[in-house]
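Report on the following structure.
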Protein chains: 2
Amino acid sequence: MIAVSRLDSFIRRLEAQRACLNLAANLVHELDGEILELGLGNGRTYDHLRELFPDRKIYVCERRLAAHPDCVPPAEDLFLGDMRDTLRTAREPLAGQIALAHLDPGTGDLAASRALALDLTSLIVPLLRCGGVLVSEPTLASDQLSPLEPPDNVAPERYNIYRLVSRS
Amino acid sequence: MIAVSRLDSFIRRLEAQRACLNLAANLVHELDGEILELGLGNGRTYDHLRELFPDRKIYVCERRLAAHPDCVPPAEDLFLGDMRDTLRTAREPLAGQIALAHLDPGTGDLAASRALALDLTSLIVPLLRCGGVLVSEPTLASDQLSPLEPPDNVAPERYNIYRLVSRS
């Protein structure tokens, strides 16, 4: 038995991310609404969302485009800039329209991700449909979000799933 | 059944990489010699090699340091620069000393990785001990290297394992 390497941890994180997105896709199967990717990065999870939701529009918020050329969203679906600003811009067109949002700040720094998530939670919630699901790497705290059981093999708080339960 | 996303492919690649390194560690268990990491990148596989081989020296060739601070090798074990040059420099101290080498050019471009591997193969082979193992993302061609069966669940040519069978 060897210790857990960074390679092991990274694989576990990606597997948890995929398992949560797949579970969330099942959870919103019957719920109308669009998809929102918060943090595009290299576009791997955006591509996964495209496979999961071939018939839904996927909006993307990203600070600065650095995705693989195959994973660049259409310009009209992209909100480019600091998410603290772009989520305010997105409020008017997207309020109550999002069935599934995925937040992966991708800072590589857990403390920075949590701080950003703290700023963003109250900006994301108004975009969700009632019953909508929010998948998030950082743990979130909001009385409007109810934590859901993670998929099998995903340790608690490694990757998180919430459902919008009420709107203040 | 959904198509394979870039997230799926990436997870498969990392799982194949880890499975091949773990298998290779078993294969060289009884063989004296040091370890050589060809391409450090962010240092995830270097960290995995440290866990697999806590008692062996791990030399690293890398063009330009960009690893996580926890995964930067000691300066005396690092050959910094183009591997076409540094593998020539490494020839004198390391000839016939390496039990396991791992080549991951990490270019993100399969054609570029294969071209680099083609240039490097004849520079890596002289560093291997007789019976030494070379794990490589790109497929290699050398009459001194015999391809080994990949681990279960690793598709042929996704990640490759070779053993030095003769020295020209």
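Letters A, B, ... mark the chains of the structure tokens in the order given; residue numbers begin at 1 per chain; ligand numbers begin at 1, in order shown.
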field: Check: which chain A residues lie within 9 Å of chain B using only C-alpha atoms, as a count of residues only
entry: 22
Shell of 8 Å around Arg88 of chain A, only C-alpha atoms, local chain residues under 4 positions omitted, as a list in words: Arg84, Glu92 and Leu123 of chain A
Export of prior selection with N, CA and C atoms as a PDB file, in the first residue's frame:
ATOM      1  N   ARG A  84     -17.612  37.928 -10.818  1.00  0.00           N
ATOM      2  CA  ARG A  84     -18.350  38.822  -9.917  1.00  0.00           C
ATOM      3  C   ARG A  84     -19.097  39.881 -10.738  1.00  0.00           C
ATOM      4  N   GLU A  92     -30.049  39.490 -15.946  1.00  0.00           N
ATOM      5  CA  GLU A  92     -31.266  39.861 -16.674  1.00  0.00           C
ATOM      6  C   GLU A  92     -31.671  38.790 -17.710  1.00  0.00           C
ATOM      7  N   LEU A 123     -24.880  35.259  -6.382  1.00  0.00           N
ATOM      8  CA  LEU A 123     -25.086  35.687  -7.773  1.00  0.00           C
ATOM      9  C   LEU A 123     -25.550  34.528  -8.655  1.00  0.00           C
TER      10      LEU A 123
END
- request: For segment 96-111 of chain A, please output as a ChimeraX atom specification all residues within 6 Å (counting only C-alpha atoms; exclusion window: fewer than 4 positions along the same chain).
  value: /A:33-39,127-129,132-137
Please, could you write that set of residues out with all heavy atoms as an mmCIF file, in the first residue's frame?
data_model
loop_
_atom_site.group_PDB
_atom_site.id
_atom_site.type_symbol
_atom_site.label_atom_id
_atom_site.label_comp_id
_atom_site.auth_asym_id
_atom_site.auth_seq_id
_atom_site.Cartn_x
_atom_site.Cartn_y
_atom_site.Cartn_z
ATOM 1 N N GLY A 33 -34.781 23.902 -18.946
ATOM 2 C CA GLY A 33 -33.836 24.948 -18.579
ATOM 3 C C GLY A 33 -32.483 24.739 -19.236
ATOM 4 O O GLY A 33 -32.202 23.670 -19.794
ATOM 5 N N GLU A 34 -31.677 25.786 -19.157
ATOM 6 C CA GLU A 34 -30.371 25.767 -19.816
ATOM 7 C C GLU A 34 -29.272 25.388 -18.823
ATOM 8 O O GLU A 34 -29.520 25.204 -17.635
ATOM 9 C CB GLU A 34 -30.092 27.148 -20.427
ATOM 10 C CG GLU A 34 -31.241 27.731 -21.243
ATOM 11 C CD GLU A 34 -31.664 26.889 -22.430
ATOM 12 O OE1 GLU A 34 -31.023 25.855 -22.715
ATOM 13 O OE2 GLU A 34 -32.670 27.246 -23.076
ATOM 14 N N ILE A 35 -28.064 25.310 -19.356
ATOM 15 C CA ILE A 35 -26.892 24.887 -18.579
ATOM 16 C C ILE A 35 -25.952 26.088 -18.445
ATOM 17 O O ILE A 35 -25.860 26.912 -19.357
ATOM 18 C CB ILE A 35 -26.161 23.723 -19.297
ATOM 19 C CG1 ILE A 35 -27.153 22.641 -19.730
ATOM 20 C CG2 ILE A 35 -25.047 23.162 -18.430
ATOM 21 C CD1 ILE A 35 -27.950 21.993 -18.612
ATOM 22 N N LEU A 36 -25.255 26.159 -17.327
ATOM 23 C CA LEU A 36 -24.308 27.264 -17.108
ATOM 24 C C LEU A 36 -22.995 26.703 -16.574
ATOM 25 O O LEU A 36 -22.956 26.091 -15.505
ATOM 26 C CB LEU A 36 -24.913 28.272 -16.110
ATOM 27 C CG LEU A 36 -24.027 29.462 -15.725
ATOM 28 C CD1 LEU A 36 -23.666 30.313 -16.938
ATOM 29 C CD2 LEU A 36 -24.745 30.318 -14.662
ATOM 30 N N GLU A 37 -21.917 26.917 -17.332
ATOM 31 C CA GLU A 37 -20.578 26.472 -16.924
ATOM 32 C C GLU A 37 -19.834 27.677 -16.361
ATOM 33 O O GLU A 37 -19.579 28.659 -17.078
ATOM 34 C CB GLU A 37 -19.852 25.905 -18.163
ATOM 35 C CG GLU A 37 -18.380 25.582 -17.977
ATOM 36 C CD GLU A 37 -18.094 24.283 -17.229
ATOM 37 O OE1 GLU A 37 -18.790 24.001 -16.241
ATOM 38 O OE2 GLU A 37 -17.166 23.564 -17.658
ATOM 39 N N LEU A 38 -19.486 27.601 -15.088
ATOM 40 C CA LEU A 38 -18.833 28.731 -14.413
ATOM 41 C C LEU A 38 -17.359 28.405 -14.256
ATOM 42 O O LEU A 38 -16.953 27.727 -13.301
ATOM 43 C CB LEU A 38 -19.505 28.976 -13.068
ATOM 44 C CG LEU A 38 -20.992 29.364 -13.192
ATOM 45 C CD1 LEU A 38 -21.750 29.066 -11.918
ATOM 46 C CD2 LEU A 38 -21.124 30.828 -13.570
ATOM 47 N N GLY A 39 -16.566 28.868 -15.196
ATOM 48 C CA GLY A 39 -15.149 28.512 -15.256
ATOM 49 C C GLY A 39 -14.954 27.516 -16.387
ATOM 50 O O GLY A 39 -15.315 26.358 -16.261
ATOM 51 N N LEU A 127 -30.094 32.696 -10.777
ATOM 52 C CA LEU A 127 -30.153 32.222 -12.166
ATOM 53 C C LEU A 127 -30.790 30.838 -12.274
ATOM 54 O O LEU A 127 -31.213 30.427 -13.348
ATOM 55 C CB LEU A 127 -28.741 32.176 -12.777
ATOM 56 C CG LEU A 127 -27.908 33.455 -12.660
ATOM 57 C CD1 LEU A 127 -26.573 33.272 -13.386
ATOM 58 C CD2 LEU A 127 -28.661 34.651 -13.220
ATOM 59 N N LEU A 128 -30.824 30.122 -11.145
ATOM 60 C CA LEU A 128 -31.319 28.733 -11.168
ATOM 61 C C LEU A 128 -32.839 28.687 -11.258
ATOM 62 O O LEU A 128 -33.543 29.504 -10.653
ATOM 63 C CB LEU A 128 -30.859 27.995 -9.907
ATOM 64 C CG LEU A 128 -29.359 27.758 -9.747
ATOM 65 C CD1 LEU A 128 -29.067 27.163 -8.362
ATOM 66 C CD2 LEU A 128 -28.837 26.825 -10.837
ATOM 67 N N ARG A 129 -33.339 27.692 -11.975
ATOM 68 C CA ARG A 129 -34.762 27.374 -11.932
ATOM 69 C C ARG A 129 -35.068 26.780 -10.562
ATOM 70 O O ARG A 129 -34.191 26.222 -9.909
ATOM 71 C CB ARG A 129 -35.098 26.311 -12.978
ATOM 72 C CG ARG A 129 -34.949 26.775 -14.388
ATOM 73 C CD ARG A 129 -35.529 25.721 -15.311
ATOM 74 N NE ARG A 129 -36.978 25.792 -15.300
ATOM 75 C CZ ARG A 129 -37.678 26.543 -16.132
ATOM 76 N NH1 ARG A 129 -37.069 27.276 -17.061
ATOM 77 N NH2 ARG A 129 -38.993 26.576 -16.063
ATOM 78 N N GLY A 132 -33.527 23.495 -9.649
ATOM 79 C CA GLY A 132 -32.278 23.410 -10.404
ATOM 80 C C GLY A 132 -31.130 22.923 -9.530
ATOM 81 O O GLY A 132 -31.198 22.993 -8.303
ATOM 82 N N VAL A 133 -30.098 22.434 -10.192
ATOM 83 C CA VAL A 133 -28.977 21.793 -9.498
ATOM 84 C C VAL A 133 -27.693 22.582 -9.736
ATOM 85 O O VAL A 133 -27.453 23.081 -10.842
ATOM 86 C CB VAL A 133 -28.832 20.328 -9.975
ATOM 87 C CG1 VAL A 133 -27.529 19.720 -9.488
ATOM 88 C CG2 VAL A 133 -30.024 19.500 -9.493
ATOM 89 N N LEU A 134 -26.907 22.699 -8.691
ATOM 90 C CA LEU A 134 -25.612 23.384 -8.773
ATOM 91 C C LEU A 134 -24.528 22.402 -8.337
ATOM 92 O O LEU A 134 -24.533 21.939 -7.193
ATOM 93 C CB LEU A 134 -25.637 24.623 -7.863
ATOM 94 C CG LEU A 134 -24.344 25.392 -7.644
ATOM 95 C CD1 LEU A 134 -23.678 25.789 -8.953
ATOM 96 C CD2 LEU A 134 -24.632 26.657 -6.815
ATOM 97 N N VAL A 135 -23.637 22.069 -9.256
ATOM 98 C CA VAL A 135 -22.485 21.211 -8.954
ATOM 99 C C VAL A 135 -21.299 22.136 -8.716
ATOM 100 O O VAL A 135 -21.071 23.063 -9.497
ATOM 101 C CB VAL A 135 -22.198 20.253 -10.133
ATOM 102 C CG1 VAL A 135 -20.917 19.470 -9.899
ATOM 103 C CG2 VAL A 135 -23.380 19.313 -10.356
ATOM 104 N N SER A 136 -20.565 21.917 -7.644
ATOM 105 C CA SER A 136 -19.502 22.860 -7.289
ATOM 106 C C SER A 136 -18.309 22.142 -6.683
ATOM 107 O O SER A 136 -18.469 21.297 -5.799
ATOM 108 C CB SER A 136 -20.054 23.880 -6.276
ATOM 109 O OG SER A 136 -19.006 24.705 -5.797
ATOM 110 N N GLU A 137 -17.118 22.498 -7.152
ATOM 111 C CA GLU A 137 -15.962 21.953 -6.454
ATOM 112 C C GLU A 137 -15.877 22.507 -5.034
ATOM 113 O O GLU A 137 -15.857 21.737 -4.090
ATOM 114 C CB GLU A 137 -14.661 22.219 -7.212
ATOM 115 C CG GLU A 137 -13.527 21.543 -6.452
ATOM 116 C CD GLU A 137 -12.155 21.772 -6.996
ATOM 117 O OE1 GLU A 137 -11.873 22.882 -7.456
ATOM 118 O OE2 GLU A 137 -11.355 20.821 -6.930
#
- prompt: What are the DSSP strand (DSSP E or B) residues of segment 15-60 of chain B, as a PyMOL selection string?
  reply: chain B and resi 34-38+58-60
message: Would you pick out the contacts of Ala19 of chain B at 10 Å or less, using only C-alpha atoms, so that residues sharing its chain but fewer than 4 positions from it are not included, and give the list as number ranges by chain?
response: B: 13-15, 23-25, 150-154, 159
message: What's around Leu164 of chain B at 7 Å? Count only C-alpha atoms, leave out sequence neighbours fewer than 3 positions away in its own chain, and write the answer as a list in words.
response: Cys130, Gly131, Gly132, Val133, Gln144, Leu145 and Ser146 of chain B
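Atom CA of Leu87 of chain B lies 22.1 Å from atom CA of Leu31 of chain B.
Distances to Ala66 of chain A were evaluated for A:Leu40, A:Val125, A:Leu27, A:Ala112 using only C-alpha atoms, and the minimum falls at A:Leu40.
Interatomic distance, atom CA of Ala90 of chain B to atom CA of Lys57 of chain B: 14.2 Å.
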query: Which of these residues is nearest to Arg158 of chain B, using only C-alpha atoms: B:Pro138, B:Asp143, B:Arg64, B:Asp85?
result: B:Pro138
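What separates atom CA of Arg56 of chain A from atom CA of Pro147 of chain A is a distance of 24.5 Å.
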